[in-house]
Amino acid sequence: MSDGSYQPPVPKSTVLEIGPILIGALLSWMFFGISIVQLYIYHVSFPHDRRSIQAAVYLIFLLDIFQTIVAASEGWQFLVNGWGRQINLQFPGWTFTALPIVSSLVSLGVQTFYAWRIWQLGRWRFIPISIILTALASAGGAFAIAITFAFTHTIASLHEKRVFEPTIVWLGGAALTDIMIMCSMLYLLYSAKQHTHSFERSGLIVNRLIRLTVETGSACAVSAIVQLGLFLGLKQTNLHLIVALVLSKIYSNTLMTSLNSRATKLFTPRATATSSSYRSRHAQSTSHQFASTTGTGPLAIQITHEVESDRDVADHKARQNWEIELDDVPSSQETGSKDPIRSV
């Protein structure tokens, strides 16, 4: 006897088209919550950062908000407004145009920041310029995909051969840029580590920065590679959207993690206002000076331990902040040696 209430299972192909959008949208909101916490920590801990860095942080957070709206709208379009409507799976709307644009803008901003940071630390020219050029090429590929979809409006157009090349440029270029950034930062930090054995605290800080560089750099590169692999390898599914909907969040959170790694816990002592500074300028100081293996002249580690108490506010909150800076002192011109890297 047949059961009239029996419903056939949802086809696997439909599940692989809709399911990734649900998972990606949920992950996008989860990462957005992490971004809010990261922004709060940055806002409280580093109110005196350079205006340019603060502007970049808040601009990227605004793009994060817009990307979250895109992810939510995409989920609504497929799972609510398009419930039972096959046409919505074929014509997903404006979100597929906005997604690669906002993701590429966030990754471009983060990668440009790291290029500037590498230039500040190593005074190289070729590598930062190469990072910016590959980041721009990656963003160009993303914009090409968005323009293609804006004219066709169909999700099937994303799997045409003419879209494969821009996709490879977008995600492959992003992964290449991330690997360049990670290797450059590791080279600079390992160069510093080789000369910090006599100053234990600075060695610990450099080790922490090395670990952080590997974690953040590999997270961005692996995410881009995974999205590219899913897009090219599983063309009949939307599994690549799981990563696509959170890719910009991964970039923004790695930037915030890098900036916030300078901060430690907030606490509230009764009345504390102490400051001690370790600076490597003379042999008599407690810091340590080391020679740069990059040929840009000696680098210096400057560690500042600062606890501030604002007596003008009611809660007397204090901040303990450990920072490390790699300064270029003195330059190769001052030491009379020729710098092969800087001349590139």
# chains A, B, ... in the order shown; residues from 1 in each chain; ligands from 1

call {"tool": "residues_around", "arguments": {"residues": "Thr68 (chain A)", "least_positions_apart": "4", "cutoff": "12 Å", "atoms": "only C-alpha atoms", "output": "PyMOL selection string"}}
result
chain A and resi 24-33+35+61-64+72-75+95+98-99+102-103+244-249

call {"tool": "closest_atom_pairs", "arguments": {"of": "region 205-265 of chain A", "to": "region 175-199 of chain A", "cutoff": "7 Å", "atoms": "only C-alpha atoms", "output": "CSV"}}
result
residue,atom,partner,partner_atom,distance
A:Val206,CA,A:Lys193,CA,6.2
A:Ile210,CA,A:Leu186,CA,6.2
A:Thr213,CA,A:Met182,CA,6.3
A:Val214,CA,A:Met182,CA,6.5
A:Gly217,CA,A:Met182,CA,5.3
A:Cys220,CA,A:Asp178,CA,6.5
A:Ala221,CA,A:Ala175,CA,4.3
A:Ala224,CA,A:Ala175,CA,5.7
A:Ile225,CA,A:Ala175,CA,6.4

call {"tool": "write_last_selection", "arguments": {"atoms": "N, CA and C atoms", "output": "PDB file, in the first residue's frame"}}
result
ATOM      1  N   VAL A 206      60.037  37.595  17.915  1.00  0.00           N
ATOM      2  CA  VAL A 206      60.282  37.263  16.518  1.00  0.00           C
ATOM      3  C   VAL A 206      59.691  35.892  16.193  1.00  0.00           C
ATOM      4  N   ILE A 210      56.948  35.078  13.327  1.00  0.00           N
ATOM      5  CA  ILE A 210      57.155  34.075  12.287  1.00  0.00           C
ATOM      6  C   ILE A 210      55.958  33.131  12.220  1.00  0.00           C
ATOM      7  N   THR A 213      53.003  34.945  10.732  1.00  0.00           N
ATOM      8  CA  THR A 213      53.155  35.155   9.291  1.00  0.00           C
ATOM      9  C   THR A 213      52.808  33.888   8.514  1.00  0.00           C
ATOM     10  N   VAL A 214      53.273  32.751   8.997  1.00  0.00           N
ATOM     11  CA  VAL A 214      52.980  31.489   8.319  1.00  0.00           C
ATOM     12  C   VAL A 214      51.486  31.194   8.368  1.00  0.00           C
ATOM     13  N   GLY A 217      49.502  33.966   6.171  1.00  0.00           N
ATOM     14  CA  GLY A 217      49.831  33.854   4.758  1.00  0.00           C
ATOM     15  C   GLY A 217      49.321  32.572   4.134  1.00  0.00           C
ATOM     16  N   CYS A 220      45.377  32.543   3.605  1.00  0.00           N
ATOM     17  CA  CYS A 220      44.907  33.252   2.403  1.00  0.00           C
ATOM     18  C   CYS A 220      45.242  32.476   1.140  1.00  0.00           C
ATOM     19  N   ALA A 221      46.477  31.991   1.035  1.00  0.00           N
ATOM     20  CA  ALA A 221      46.894  31.284  -0.175  1.00  0.00           C
ATOM     21  C   ALA A 221      46.122  29.986  -0.363  1.00  0.00           C
ATOM     22  N   ALA A 224      42.450  30.617  -1.525  1.00  0.00           N
ATOM     23  CA  ALA A 224      42.344  30.938  -2.947  1.00  0.00           C
ATOM     24  C   ALA A 224      42.573  29.712  -3.819  1.00  0.00           C
ATOM     25  N   ILE A 225      43.540  28.874  -3.432  1.00  0.00           N
ATOM     26  CA  ILE A 225      43.829  27.671  -4.216  1.00  0.00           C
ATOM     27  C   ILE A 225      42.669  26.683  -4.134  1.00  0.00           C
TER      28      ILE A 225
END

call {"tool": "atom_distance", "arguments": {"atom1": "CA of Ser45 (chain A)", "atom2": "CA of Leu259 (chain A)"}}
result
10.0 Å

call {"tool": "residues_around", "arguments": {"residues": "region 157-164 of chain A", "least_positions_apart": "4", "cutoff": "8 Å", "atoms": "only C-alpha atoms", "output": "list in words"}}
result
Ile145, Thr148, Phe149, Thr152, His153, Ile168, Leu232 and Lys235 of chain A

call {"tool": "atom_distance", "arguments": {"atom1": "CA of Gly172 (chain A)", "atom2": "CA of Ile21 (chain A)"}}
result
22.4 Å

call {"tool": "residues_around", "arguments": {"residues": "Glu17 (chain A)", "least_positions_apart": "4", "cutoff": "12 Å", "atoms": "only C-alpha atoms", "output": "short mmCIF file (atom, residue, chain, number, x, y, z; two decimals) with C-alpha atoms, in the first residue's frame"}}
result
data_model
loop_
_atom_site.label_atom_id
_atom_site.label_comp_id
_atom_site.auth_asym_id
_atom_site.auth_seq_id
_atom_site.Cartn_x
_atom_site.Cartn_y
_atom_site.Cartn_z
CA VAL A 10 16.02 16.22 -3.40
CA PRO A 11 18.34 15.45 -6.30
CA LYS A 12 22.01 15.45 -5.40
CA SER A 13 22.73 17.99 -8.12
CA ILE A 21 25.36 28.84 -0.65
CA LEU A 22 23.76 28.16 2.75
CA ILE A 23 27.05 27.04 4.28
CA GLY A 24 28.95 29.96 2.74
CA GLY A 75 21.29 33.13 0.46
CA PHE A 78 18.33 31.09 -3.53
CA LEU A 79 16.78 29.67 -0.37
CA GLN A 86 14.34 26.56 -10.71
CA ASN A 88 16.46 31.39 -9.53
CA LEU A 89 19.24 28.81 -9.74
CA GLN A 90 19.93 29.92 -13.29
CA PRO A 92 20.92 34.45 -9.30
CA ILE A 155 25.22 31.17 -13.64
CA ALA A 156 25.99 28.83 -16.53
CA LEU A 234 33.77 20.39 -9.88
CA LYS A 235 32.20 22.52 -12.57
CA GLN A 236 28.66 21.17 -12.14
CA THR A 237 28.43 22.20 -8.49
CA ASN A 238 28.57 25.39 -6.43
CA LEU A 239 31.02 24.02 -3.88
CA HIS A 240 33.47 26.80 -4.76
CA LEU A 241 30.95 29.32 -3.35
CA ILE A 242 31.65 28.05 0.17
#

call {"tool": "select_by_dssp", "arguments": {"residues": "region 162-224 of chain A", "states": "alpha helix (DSSP H)", "output": "PyMOL selection string"}}
result
chain A and resi 162-167+173-193+200-224

call {"tool": "atom_distance", "arguments": {"atom1": "CA of Ile132 (chain A)", "atom2": "CA of Gln67 (chain A)"}}
result
22.7 Å
